[in-house]
Structures are given as C-alpha cells and as structure tokens.
$ cat final-v3.txt   # compact mmCIF, C-alpha atoms
# COMPACT_ATOMS: atom_id res chain seq x y z
CA MET M 1 -35.11 12.46 -10.77
CA SER M 2 -33.20 11.05 -7.80
CA TYR M 3 -36.30 9.09 -6.73
CA SER M 4 -36.61 7.52 -10.18
CA LYS M 5 -32.95 6.52 -10.08
CA LEU M 6 -33.46 4.94 -6.67
CA VAL M 7 -36.46 2.97 -7.93
CA TRP M 8 -34.50 1.85 -10.98
CA PHE M 9 -31.60 0.66 -8.84
CA GLU M 10 -33.92 -1.24 -6.51
CA SER M 11 -35.52 -2.90 -9.54
CA TYR M 12 -32.09 -3.80 -10.85
CA LYS M 13 -31.10 -5.36 -7.51
CA THR M 14 -34.27 -7.42 -7.53
CA TRP M 15 -33.56 -8.60 -11.08
CA VAL M 16 -29.97 -9.56 -10.18
CA VAL M 17 -31.12 -11.68 -7.24
CA THR M 18 -34.00 -13.36 -9.07
CA ASN M 19 -32.26 -14.04 -12.41
CA PRO M 20 -28.83 -15.57 -11.63
CA GLU M 21 -28.61 -17.64 -14.84
CA ARG M 22 -29.42 -14.75 -17.17
CA LEU M 23 -27.12 -12.47 -15.18
CA PHE M 24 -24.27 -14.93 -15.71
CA GLN M 25 -24.93 -14.94 -19.46
CA PHE M 26 -24.78 -11.14 -19.67
CA GLU M 27 -21.60 -11.00 -17.57
CA THR M 28 -19.93 -13.65 -19.73
CA ALA M 29 -20.89 -11.78 -22.90
CA GLY M 30 -19.47 -8.53 -21.51
CA ARG M 31 -16.18 -10.12 -20.54
CA PHE M 32 -15.92 -11.90 -23.91
CA LEU M 33 -16.46 -8.56 -25.66
CA SER M 34 -13.53 -7.07 -23.75
CA TYR M 35 -11.36 -10.02 -24.82
CA LEU M 36 -12.50 -9.63 -28.43
CA ILE M 37 -11.64 -5.94 -28.56
CA ALA M 38 -8.32 -6.69 -26.86
CA GLY M 39 -7.38 -8.40 -30.11
CA ARG M 40 -7.15 -4.86 -31.57
CA ILE M 41 -4.97 -3.83 -28.63
CA LYS M 42 -2.49 -1.91 -30.80
CA THR M 43 -5.11 0.56 -31.94
CA SER M 44 -7.34 0.88 -28.88
CA PRO M 45 -5.69 -0.28 -25.64
CA ALA M 46 -7.52 2.27 -23.51
CA ILE M 47 -10.97 1.24 -24.80
CA SER M 48 -10.30 -2.48 -24.38
CA GLU M 49 -8.98 -1.95 -20.84
CA LEU M 50 -11.95 0.26 -20.00
CA LEU M 51 -14.35 -2.49 -21.09
CA TYR M 52 -12.37 -5.13 -19.24
CA SER M 53 -12.25 -3.07 -16.03
CA ALA M 54 -15.92 -2.13 -16.33
CA SER M 55 -16.97 -5.76 -16.79
CA ASN M 56 -14.98 -6.81 -13.70
CA ILE M 57 -16.43 -3.97 -11.61
CA ILE M 58 -19.99 -4.78 -12.72
CA ILE M 59 -19.48 -8.45 -11.80
CA PHE M 60 -18.04 -7.38 -8.45
CA LEU M 61 -21.00 -5.07 -7.73
CA ASN M 62 -23.43 -7.81 -8.70
CA ASP M 63 -21.63 -10.12 -6.27
CA GLN M 64 -22.16 -7.57 -3.53
CA ILE M 65 -25.87 -7.27 -4.38
CA ILE M 66 -26.29 -11.05 -4.25
CA LEU M 67 -24.32 -11.26 -1.03
CA ARG M 68 -26.33 -8.51 0.65
CA SER M 69 -29.54 -10.30 -0.28
CA THR M 70 -28.65 -13.08 2.16
CA HIS M 71 -29.60 -12.89 5.83
CA HIS M 72 -25.94 -12.61 6.77
CA LYS M 73 -25.44 -9.38 4.85
CA GLU M 74 -28.72 -7.89 5.98
CA LEU M 75 -27.48 -8.16 9.55
CA ASP M 76 -24.02 -6.87 8.73
CA GLN M 77 -25.30 -3.82 6.86
CA LYS M 78 -26.23 -2.22 10.17
CA THR M 79 -22.74 -2.70 11.56
CA ALA M 80 -20.65 -2.07 8.41
CA THR M 81 -17.26 -0.77 9.40
CA VAL M 82 -14.96 1.71 7.72
CA VAL M 83 -12.56 -1.17 7.00
CA GLU M 84 -15.24 -3.01 5.04
CA LYS M 85 -16.03 0.08 2.97
CA CYS M 86 -12.33 0.68 2.31
CA ARG M 87 -12.01 -2.97 1.30
CA ILE M 88 -14.63 -2.42 -1.41
CA LEU M 89 -12.92 0.75 -2.67
CA PHE M 90 -9.54 -0.98 -2.71
CA THR M 91 -10.95 -3.88 -4.74
CA ILE M 92 -12.35 -1.44 -7.31
CA LEU M 93 -8.93 0.24 -7.48
CA GLU M 94 -7.35 -3.15 -8.21
CA TYR M 95 -9.67 -3.56 -11.19
CA LEU M 96 -9.04 0.00 -12.44
CA GLN M 97 -5.28 0.29 -11.99
CA VAL M 98 -4.28 -0.89 -15.49
CA PHE M 99 -6.82 1.41 -17.13
CA LEU M 100 -5.58 4.35 -15.05
CA GLU M 101 -1.99 3.65 -16.09
CA ILE M 102 -2.87 3.41 -19.80
CA THR M 103 -5.04 6.52 -19.71
CA ALA M 104 -2.35 8.55 -17.93
CA THR M 105 0.19 7.40 -20.52
CA LYS M 106 -2.10 8.41 -23.39
CA ILE M 107 -2.78 11.88 -21.95
CA TRP M 108 0.48 12.86 -20.22
CA GLY M 109 3.06 10.51 -21.69
CA SER M 110 5.77 8.71 -19.73
CA TYR M 111 5.71 11.19 -16.85
CA GLY M 112 1.97 10.73 -16.41
CA LYS M 113 2.30 6.97 -16.55
CA TRP M 114 4.85 6.69 -13.75
CA THR M 115 3.03 9.31 -11.68
CA ALA M 116 -0.20 7.30 -11.91
CA VAL M 117 1.65 4.06 -11.13
CA ALA M 118 3.37 5.63 -8.12
CA ILE M 119 0.07 6.99 -6.74
CA VAL M 120 -1.68 3.62 -7.16
CA GLN M 121 1.16 1.71 -5.52
CA LEU M 122 1.36 4.23 -2.67
CA ILE M 123 -2.37 3.83 -1.98
CA LYS M 124 -1.95 0.05 -1.97
CA LEU M 125 1.03 0.36 0.37
CA LEU M 126 -0.93 2.51 2.84
CA TRP M 127 -3.91 0.14 2.67
CA ARG M 128 -1.84 -2.99 3.33
CA ALA M 129 0.08 -1.25 6.11
CA PHE M 130 -3.23 -0.27 7.71
CA MET M 131 -4.49 -3.85 7.44
CA LEU M 132 -1.33 -5.06 9.16
CA THR M 133 -2.13 -2.77 12.08
CA GLN M 134 -5.59 -4.38 12.17
CA GLN M 135 -3.97 -7.82 12.48
CA ALA M 136 -5.52 -8.92 9.17
CA GLY M 137 -2.80 -11.47 8.48
CA ILE M 138 -1.26 -12.14 5.07
CA ALA M 139 -2.66 -9.89 2.34
CA SER M 140 -4.40 -11.73 -0.49
CA SER M 141 -4.33 -10.85 -4.17
CA ARG M 142 -7.78 -9.26 -3.84
CA ALA M 143 -9.18 -7.42 -0.83
CA ILE M 144 -12.50 -9.12 -1.60
CA HIS M 145 -12.42 -12.39 -3.50
CA PRO M 146 -14.96 -13.07 -6.28
CA LEU M 147 -18.13 -14.58 -4.90
CA ASN M 148 -18.66 -18.31 -5.42
CA ARG M 149 -22.30 -17.97 -6.42
CA LYS M 150 -22.85 -21.67 -7.03
CA LYS M 151 -21.64 -22.57 -3.55
CA LEU M 152 -23.69 -19.74 -2.03
CA ARG M 153 -26.88 -21.01 -3.67
CA GLN M 154 -26.13 -24.55 -2.50
CA ASN M 155 -25.59 -23.31 1.06
CA GLN M 156 -28.82 -21.32 0.98
CA LEU M 157 -30.77 -24.33 -0.29
CA SER M 158 -29.23 -26.62 2.31
CA GLU M 159 -29.88 -24.04 5.04
CA SER M 160 -33.53 -23.61 4.05
CA ILE M 161 -34.10 -27.39 4.12
CA CYS M 162 -32.10 -28.32 7.20
CA GLY M 163 -32.09 -25.13 9.24
CA MET M 164 -35.51 -25.46 10.80
CA GLU M 165 -35.15 -29.21 11.37
CA GLU M 166 -31.78 -28.76 13.06
CA LYS M 167 -33.06 -26.05 15.37
CA LYS M 168 -36.16 -28.10 16.13
CA ASN M 169 -34.04 -31.10 17.13
CA LEU M 170 -31.81 -29.03 19.41
CA THR M 171 -34.52 -27.01 21.18
CA PHE M 172 -38.10 -27.28 22.41
CA THR M 173 -40.71 -24.66 23.21
CA LEU M 174 -42.61 -24.37 26.49
CA LYS M 175 -46.30 -23.51 26.69
CA SER M 176 -45.29 -20.00 27.65
CA GLY M 177 -43.48 -19.68 24.31
CA ARG M 178 -39.98 -19.74 25.78
CA VAL M 179 -37.44 -21.72 23.74
CA ILE M 180 -35.20 -24.10 25.74
CA ARG M 181 -32.14 -25.97 24.51
CA GLN M 182 -32.21 -29.74 24.83
CA VAL M 183 -29.47 -31.57 26.75
CA ASN M 184 -28.19 -33.33 23.62
CA GLY M 185 -27.98 -29.97 21.85
CA ALA M 186 -25.49 -28.48 24.32
CA PRO M 187 -21.86 -28.01 23.22
CA GLN M 188 -18.82 -28.96 25.28
CA ILE M 189 -18.58 -27.42 28.75
CA HIS M 190 -15.80 -24.95 27.93
CA LYS M 191 -17.71 -23.74 24.84
CA ARG M 192 -21.14 -23.32 26.42
CA ASN M 193 -22.97 -20.00 26.55
CA TRP M 194 -26.52 -18.80 27.15
CA LYS M 195 -27.35 -18.32 23.47
CA LEU M 196 -29.68 -20.61 21.55
CA PRO M 197 -28.18 -22.63 18.67
CA SER M 198 -28.59 -21.12 15.24
CA SER M 199 -27.50 -22.18 11.80
CA GLN M 200 -24.54 -20.27 10.44
CA PRO M 201 -25.26 -18.25 7.30
CA PRO M 202 -22.98 -18.54 4.27
CA GLN M 203 -20.02 -16.23 4.22
CA GLY M 204 -19.30 -14.11 1.17
CA HIS M 205 -15.58 -13.81 1.75
CA VAL M 206 -13.37 -14.92 4.57
CA VAL M 207 -11.21 -12.29 6.23
CA ASN M 208 -7.92 -13.62 7.47
CA ASN M 209 -7.46 -12.43 11.05
CA ARG M 210 -4.36 -14.44 11.97
CA LYS M 211 -1.97 -12.17 13.80
CA LEU M 212 1.53 -11.95 12.33
CA GLU M 213 4.52 -11.72 14.65
CA GLY M 214 8.28 -12.02 14.37
CA TYR M 215 9.70 -13.27 11.06
CA PRO M 216 6.31 -13.67 9.31
CA LEU M 217 5.47 -10.05 10.13
CA LEU M 218 8.83 -8.94 8.70
CA GLY M 219 8.16 -11.01 5.59
CA GLU M 220 4.76 -9.38 5.05
CA VAL M 221 6.27 -5.91 5.56
CA LEU M 222 8.86 -6.69 2.87
CA TYR M 223 6.11 -7.85 0.51
CA THR M 224 4.19 -4.63 1.17
CA LEU M 225 7.23 -2.44 0.48
CA LYS M 226 8.37 -4.37 -2.61
CA PRO M 227 6.49 -2.47 -5.38
CA LEU M 228 7.59 0.92 -4.07
CA CYS M 229 11.18 -0.28 -3.73
CA HIS M 230 11.06 -1.40 -7.35
CA LEU M 231 9.71 1.97 -8.48
CA VAL M 232 12.34 3.89 -6.52
CA GLY M 233 15.05 1.68 -8.01
CA MET M 234 13.79 2.31 -11.56
CA SER M 235 13.66 6.07 -10.99
CA ARG M 236 17.26 5.98 -9.76
CA PHE M 237 18.87 3.44 -12.12
CA GLY M 238 16.48 3.36 -15.11
CA THR M 239 13.83 0.92 -16.33
CA LYS M 240 16.36 -1.29 -18.13
CA SER M 241 18.75 -1.68 -15.19
CA TRP M 242 19.26 -5.00 -13.41
CA ILE M 243 19.40 -3.34 -9.98
CA PRO M 244 15.66 -2.60 -9.48
CA THR M 245 14.64 -6.06 -10.69
CA SER M 246 17.27 -7.71 -8.50
CA ILE M 247 16.13 -5.75 -5.45
CA ALA M 248 12.49 -6.74 -6.07
CA PHE M 249 13.37 -10.40 -6.68
CA VAL M 250 15.50 -10.68 -3.54
CA THR M 251 12.75 -8.96 -1.54
CA ASP M 252 10.21 -11.43 -2.91
CA ILE M 253 12.33 -14.47 -2.05
CA ALA M 254 13.12 -13.12 1.43
CA SER M 255 9.43 -12.40 2.07
CA ILE M 256 8.30 -15.89 1.04
CA THR M 257 11.06 -17.52 3.07
CA LEU M 258 10.19 -15.55 6.22
CA LEU M 259 6.48 -16.25 5.83
CA ASN M 260 7.17 -19.97 5.43
CA SER M 261 9.17 -19.99 8.67
CA SER M 262 5.98 -20.53 10.72
CA SER M 263 2.93 -22.77 10.44
CA LEU M 264 0.34 -21.56 7.95
CA ASN M 265 -3.40 -22.08 7.77
CA CYS M 266 -5.10 -23.04 4.50
CA GLU M 267 -5.75 -19.46 3.37
CA ASP M 268 -2.18 -18.36 4.09
CA ALA M 269 -0.68 -21.41 2.34
CA ARG M 270 -2.82 -20.74 -0.74
CA GLU M 271 -1.66 -17.12 -0.88
CA ILE M 272 1.99 -18.13 -0.50
CA ARG M 273 1.63 -20.58 -3.40
CA ARG M 274 0.14 -17.81 -5.51
CA ARG M 275 3.10 -15.56 -4.72
CA GLN M 276 5.53 -18.34 -5.63
CA ILE M 277 3.83 -18.81 -8.99
CA ALA M 278 3.81 -15.03 -9.49
CA LEU M 279 7.62 -15.12 -9.51
CA LEU M 280 7.28 -16.24 -13.15
CA MET M 281 6.16 -12.69 -13.97
CA TYR M 282 9.79 -11.63 -13.64
CA LEU M 283 10.28 -13.27 -17.05
CA LEU M 284 8.14 -10.47 -18.54
CA ARG M 285 10.03 -7.63 -16.85
CA SER M 286 12.95 -5.75 -18.31
CA PRO M 287 15.82 -6.43 -18.56
CA ILE M 288 15.16 -10.19 -18.15
CA TYR M 289 12.56 -10.13 -20.93
CA ASP M 290 14.72 -8.05 -23.30
CA ARG M 291 17.85 -10.19 -22.96
CA PHE M 292 16.64 -13.71 -22.29
CA SER M 293 12.99 -14.66 -22.04
CA ARG M 294 11.71 -12.86 -25.15
CA THR M 295 13.71 -15.09 -27.51
CA VAL M 296 12.70 -18.26 -25.68
CA ILE M 297 9.01 -17.28 -25.51
CA LEU M 298 8.96 -16.39 -29.21
CA GLN M 299 10.50 -19.74 -30.14
CA ILE M 300 7.97 -21.67 -28.04
CA MET M 301 5.01 -19.69 -29.36
CA THR M 302 6.22 -20.05 -32.97
CA PHE M 303 6.42 -23.82 -32.52
CA LEU M 304 2.95 -24.00 -30.95
CA ARG M 305 1.45 -21.96 -33.79
CA LYS M 306 2.10 -24.87 -36.15
CA ILE M 307 -0.29 -27.10 -34.18
CA PRO M 308 -3.82 -27.09 -35.67
CA VAL M 309 -6.57 -25.43 -33.60
CA VAL M 310 -4.23 -24.92 -30.63
CA GLY M 311 -2.12 -22.55 -32.74
CA ILE M 312 -4.74 -19.82 -32.46
CA LEU M 313 -3.94 -19.18 -28.78
CA PRO M 314 -0.17 -18.61 -29.20
CA GLN M 315 -0.90 -16.18 -32.00
CA GLN M 316 -3.17 -14.13 -29.74
CA PHE M 317 -0.63 -14.37 -26.94
CA LEU M 318 2.11 -12.94 -29.18
CA GLN M 319 -0.13 -10.01 -30.08
CA TYR M 320 -0.58 -9.10 -26.43
CA MET M 321 3.00 -9.82 -25.32
CA LEU M 322 4.54 -6.46 -26.17
CA PHE M 323 1.63 -4.60 -24.60
CA TRP M 324 1.70 -6.69 -21.40
CA GLN M 325 5.44 -6.27 -21.05
CA ASN M 326 5.19 -2.48 -21.18
CA VAL M 327 2.41 -2.12 -18.60
CA TYR M 328 3.74 -2.03 -15.05
CA CYS M 329 0.49 -3.05 -13.34
CA TYR M 330 0.21 -6.15 -15.51
CA THR M 331 3.72 -7.46 -15.03
CA TRP M 332 3.70 -6.60 -11.33
CA ASP M 333 0.25 -7.65 -10.10
$ encode --input "final-v3.txt" --output "structure tokens"
Amino acid sequence: MSYSKLVWFESYKTWVVTNPERLFQFETAGRFLSYLIAGRIKTSPAISELLYSASNIIIFLNDQIILRSTHHKELDQKTATVVEKCRILFTILEYLQVFLEITATKIWGSYGKWTAVAIVQLIKLLWRAFMLTQQAGIASSRAIHPLNRKKLRQNQLSESICGMEEKKNLTFTLKSGRVIRQVNGAPQIHKRNWKLPSSQPPQGHVVNNRKLEGYPLLGEVLYTLKPLCHLVGMSRFGTKSWIPTSIAFVTDIASITLLNSSSLNCEDAREIRRRQIALLMYLLRSPIYDRFSRTVILQIMTFLRKIPVVGILPQQFLQYMLFWQNVYCYTWD
C-alpha cells in the first residue's frame, strides 16, 4: 500500500512538472471555488476557509515540486537544513491560521478561539525570534514567497540556450580532458578563486540575510512582539477597549520608524512599504471600526453599488465585512 502511494506521488510530481498550463487551470478553478463558496460565508465559514486554505497549500506544494525539479533544488536537497524545513512548516501555518481560528470558535466558542489565536501567534513569535538569531534580517509577510513560475521557466529556457555557450567562451579543454579558464573569463583580482565559471541556477525564493543591529534590530523586535502585546492588552482591558489597539498602533509606528533609520536594500524597502500599507487594517479593528470606519465604509460601498457592473464588488465586500472584522487573523495579518 505504501509503495503504491509512493508511485502515485511520483507520478503526480511528474505530471506537475510536465503540465504547467493545465496545472494553472486546475489551481485557478480551485481558488475560484473557494471564493464562490465564500459568498455563503454566513452559513459555512469553516468550509469556505478550509477550501481556501487547502487551495493555497496545494499551490504552495506544487511550487515546491516545480522548484525541486530544477538543478538548484536537486543540489540543495542533499544539504537541506532544519531552518528550511521549519520555513515550509511556518508557511503552511500561515495559510491555515484563519481556518484554525474559525474551527476552534465553532467547537469551543470564544475561549477556544482566543486560545487558538494565542497559540498561533506564540508559534509565530518564537519562529521570528529564532530567525533574528540566525541574522535573517527583516521578516517578510511569508516565510516562503509564492513561486514566480513564469520567470522560472524563462530563466530555465535562457539558461539552457546560453549556459553551454557562455561556459564554452570562458573555458577551453586540453587534450587530457582538463578544463582551463581563459584569461578573458577571469574575474577581478580580489574576486578570483580556483573554481571554474558556472551559470547560476534560478532561485526559488530569496532569503534576506542582512544582519540587523542597533535601532533596526529594536524595530524588528517590536514588530515581532506586537501581536502578543495586542492579545495581552485585549485579555486585560477587553476587545472593545482603545488601549490594546493604541498599544499595537504605537508599536507599529515605532517599529517602522526605527527600521527606516538605516539604509535598506530592495527586499527590506518592499517589506516596509507593505507594513505601512497594512496600517490601514486598523480601520477594521474594534473599536475604530465600531465607532468610526464602519459608517464611512458603508456609505462608500452603498454609493459604489449604484454603479452598473462595478456595483457587484461592493455588494460582495459588504457581505464579507462583518466576518472579516470578527476574525483576528484576518484583521491582523
């Protein structure tokens, strides 16, 4: 039985690699189905979230299969680290966290909900703290970003066409079979080594290894502690109190300010911009949503509903609004 499962999985991996267009069609259909069922969110939130999480996890696993089919991943499989395996598990947790919260609420009520949320946020805190000790730099929204399959295929095609020609132009082979680098193929003096030139394989995801020190490190620590501080504040002052939201907002602003106090590379700057845009999610958190933003959002959506064709989207948005506002992992992450 186990052998048949192994054969089936190997066949599936082969199909994923050899049928990228059809795979994309199936993935799109699965994600669309989760959106379609989400329209009945009031009657079946757990089912719709399960389908949505499952579709994201399947796409993520397919990305890993495609990535491991490249030469780069075949080499890295032999030296896979514990950090890389934990990165995969943490990404799956990111996709499952909303479903876990909804399921815990359905089974155990409010106590189960906040227990599940606290456990998820504690795991994320420990993971990000561990990554800080590994000098992984600023944490991104996903431990592993979705694979850009189109770019990967383009890189593979370009590598297959130019790789051999490039290596041929930079080296020559003696009669004995020994490969020697040409003079014009040598790098600068301070970068020279005894290795032959080789084309670089495409990377599936880039890991940020910029070491954080001083104020940027403090800013990233604040960002890591922020969700737990918000939860502790709500447990002490209540979910409708201004104090937890104020603490989280001030922590967010202080974190972004400290991180911006030093020069940032492209990946860091992109993540900081995402965090700045994410500040808009405070408009969906109580008590800001209950006292201010709900009325404004309803007025805007009601106006947009009068516009032909475009009015369908605001109507769907209003159906999801109450659900989104009550789910911690949506309004936070």
$ closest_residue --input "final-v3.txt" --among "M:Asn19, M:Gln316, M:Ser141, M:Thr224" --to "Thr251 (chain M)" --atoms "all atoms listed in the file"
M:Thr224
$ atom_distance --input "final-v3.txt" --atom1 "CA of Val16 (chain M)" --atom2 "CA of Ser140 (chain M)"
27.4 Å
$ atom_distance --input "final-v3.txt" --atom1 "CA of Ala116 (chain M)" --atom2 "CA of Gln97 (chain M)"
8.7 Å
$ atom_distance --input "final-v3.txt" --atom1 "CA of Thr14 (chain M)" --atom2 "CA of Leu61 (chain M)"
13.5 Å
$ axis_aligned_box --input "final-v3.txt" --around "region 125-133 of chain M" --padding-each-side "6 Å" --output "AutoDock Vina command-line options"
--center_x -1.7 --center_y -1.3 --center_z 6.2 --size_x 17.5 --size_y 19.6 --size_z 23.7
$ residues_around --input "final-v3.txt" --residues "region 122-128 of chain M" --least-positions-apart "4" --cutoff "9 Å" --atoms "only C-alpha atoms" --output "list in words"
Cys86, Arg87, Phe90, Leu93, Glu94, Val117, Ala118, Leu132, Thr133, Ala139, Val221, Thr224, Leu225, Pro227 and Leu228 of chain M
$ closest_residue --input "final-v3.txt" --among "M:Ala143, M:Ile107, M:Leu231, M:Ile138" --to "Gly219 (chain M)" --atoms "all atoms listed in the file"
M:Ile138
$ closest_residue --input "final-v3.txt" --among "M:Arg294, M:Arg31, M:Lys85, M:Lys151" --to "Glu49 (chain M)" --atoms "all atoms listed in the file"
M:Arg31
$ closest_residue --input "final-v3.txt" --among "M:Asn265, M:Thr81, M:Leu222, M:Thr302" --to "Ile247 (chain M)" --atoms "only C-alpha atoms"
M:Leu222
$ residues_near_point --input "final-v3.txt" --point "(7.1, -16.1, -26.8)" --cutoff "12 Å" --atoms "all atoms listed in the file" --output "count of residues only"
29
$ closest_residue --input "final-v3.txt" --among "M:Ser53, M:Gln64, M:Thr70, M:Arg291" --to "Leu100 (chain M)" --atoms "only C-alpha atoms"
M:Ser53
$ closest_residue --input "final-v3.txt" --among "M:Thr257, M:Ser286, M:Met281, M:Ser263" --to "Ile243 (chain M)" --atoms "all atoms listed in the file"
M:Ser286
$ residues_around --input "final-v3.txt" --residues "Thr18 (chain M)" --least-positions-apart "3" --cutoff "12 Å" --atoms "only C-alpha atoms" --output "PDB file with C-alpha atoms, in the frame of the given file"
ATOM      1  CA  SER M  11     -35.520  -2.900  -9.540  1.00  0.00           C
ATOM      2  CA  TYR M  12     -32.090  -3.800 -10.850  1.00  0.00           C
ATOM      3  CA  LYS M  13     -31.100  -5.360  -7.510  1.00  0.00           C
ATOM      4  CA  THR M  14     -34.270  -7.420  -7.530  1.00  0.00           C
ATOM      5  CA  TRP M  15     -33.560  -8.600 -11.080  1.00  0.00           C
ATOM      6  CA  GLU M  21     -28.610 -17.640 -14.840  1.00  0.00           C
ATOM      7  CA  ARG M  22     -29.420 -14.750 -17.170  1.00  0.00           C
ATOM      8  CA  LEU M  23     -27.120 -12.470 -15.180  1.00  0.00           C
ATOM      9  CA  PHE M  24     -24.270 -14.930 -15.710  1.00  0.00           C
ATOM     10  CA  ASN M  62     -23.430  -7.810  -8.700  1.00  0.00           C
ATOM     11  CA  ILE M  65     -25.870  -7.270  -4.380  1.00  0.00           C
ATOM     12  CA  ILE M  66     -26.290 -11.050  -4.250  1.00  0.00           C
ATOM     13  CA  SER M  69     -29.540 -10.300  -0.280  1.00  0.00           C
ATOM     14  CA  ARG M 153     -26.880 -21.010  -3.670  1.00  0.00           C
TER      15      ARG M 153
END
$ residues_around --input "final-v3.txt" --residues "region 233-235 of chain M" --least-positions-apart "4" --cutoff "10 Å" --atoms "only C-alpha atoms" --output "VMD selection string"
chain M and resid 114 227 to 229 239 to 248
$ build_atoms --input "final-v3.txt" --residues "region 87-95 of chain M" --atoms "all heavy atoms" --output "compact mmCIF listing (two decimals), in the coordinates of the input"
# COMPACT_ATOMS: atom_id res chain seq x y z
N ARG M 87 -12.31 -1.72 2.01
CA ARG M 87 -12.01 -2.97 1.30
C ARG M 87 -12.68 -2.98 -0.08
O ARG M 87 -12.10 -3.44 -1.07
CB ARG M 87 -12.47 -4.16 2.14
CG ARG M 87 -11.84 -5.48 1.75
CD ARG M 87 -12.47 -6.61 2.57
NE ARG M 87 -12.25 -6.42 3.99
CZ ARG M 87 -11.17 -6.82 4.64
NH1 ARG M 87 -10.21 -7.43 3.97
NH2 ARG M 87 -11.05 -6.61 5.94
N ILE M 88 -13.91 -2.49 -0.14
CA ILE M 88 -14.63 -2.42 -1.41
C ILE M 88 -13.94 -1.44 -2.36
O ILE M 88 -13.72 -1.72 -3.54
CB ILE M 88 -16.09 -2.02 -1.17
CG1 ILE M 88 -16.82 -3.13 -0.39
CG2 ILE M 88 -16.81 -1.74 -2.49
CD1 ILE M 88 -18.24 -2.79 -0.01
N LEU M 89 -13.59 -0.25 -1.84
CA LEU M 89 -12.92 0.75 -2.67
C LEU M 89 -11.57 0.25 -3.18
O LEU M 89 -11.19 0.50 -4.33
CB LEU M 89 -12.75 2.05 -1.88
CG LEU M 89 -14.04 2.78 -1.50
CD1 LEU M 89 -13.72 4.00 -0.64
CD2 LEU M 89 -14.80 3.19 -2.74
N PHE M 90 -10.85 -0.46 -2.31
CA PHE M 90 -9.54 -0.98 -2.71
C PHE M 90 -9.68 -2.04 -3.79
O PHE M 90 -8.87 -2.11 -4.72
CB PHE M 90 -8.82 -1.56 -1.48
CG PHE M 90 -7.44 -2.07 -1.79
CD1 PHE M 90 -6.39 -1.19 -1.97
CD2 PHE M 90 -7.19 -3.42 -1.89
CE1 PHE M 90 -5.12 -1.65 -2.25
CE2 PHE M 90 -5.93 -3.89 -2.16
CZ PHE M 90 -4.88 -3.01 -2.33
N THR M 91 -10.71 -2.88 -3.72
CA THR M 91 -10.95 -3.88 -4.74
C THR M 91 -11.25 -3.23 -6.09
O THR M 91 -10.76 -3.67 -7.14
CB THR M 91 -12.11 -4.80 -4.33
OG1 THR M 91 -11.82 -5.40 -3.06
CG2 THR M 91 -12.33 -5.91 -5.35
N ILE M 92 -12.05 -2.17 -6.07
CA ILE M 92 -12.35 -1.44 -7.31
C ILE M 92 -11.07 -0.83 -7.88
O ILE M 92 -10.85 -0.83 -9.11
CB ILE M 92 -13.41 -0.37 -7.04
CG1 ILE M 92 -14.74 -1.03 -6.66
CG2 ILE M 92 -13.60 0.53 -8.26
CD1 ILE M 92 -15.84 -0.05 -6.30
N LEU M 93 -10.20 -0.31 -7.02
CA LEU M 93 -8.93 0.24 -7.48
C LEU M 93 -8.08 -0.84 -8.15
O LEU M 93 -7.41 -0.58 -9.17
CB LEU M 93 -8.17 0.86 -6.31
CG LEU M 93 -6.76 1.40 -6.62
CD1 LEU M 93 -6.85 2.54 -7.63
CD2 LEU M 93 -6.05 1.86 -5.35
N GLU M 94 -8.09 -2.04 -7.61
CA GLU M 94 -7.35 -3.15 -8.21
C GLU M 94 -7.83 -3.41 -9.63
O GLU M 94 -7.03 -3.69 -10.53
CB GLU M 94 -7.53 -4.42 -7.36
CG GLU M 94 -6.80 -4.39 -6.03
CD GLU M 94 -5.35 -4.79 -6.15
OE1 GLU M 94 -4.94 -5.18 -7.27
OE2 GLU M 94 -4.62 -4.71 -5.16
N TYR M 95 -9.13 -3.32 -9.86
CA TYR M 95 -9.67 -3.56 -11.19
C TYR M 95 -9.39 -2.40 -12.15
O TYR M 95 -9.35 -2.60 -13.36
CB TYR M 95 -11.18 -3.80 -11.11
CG TYR M 95 -11.57 -5.12 -10.50
CD1 TYR M 95 -12.51 -5.19 -9.47
CD2 TYR M 95 -11.00 -6.30 -10.93
CE1 TYR M 95 -12.87 -6.41 -8.91
CE2 TYR M 95 -11.34 -7.52 -10.38
CZ TYR M 95 -12.28 -7.57 -9.36
OH TYR M 95 -12.61 -8.78 -8.81
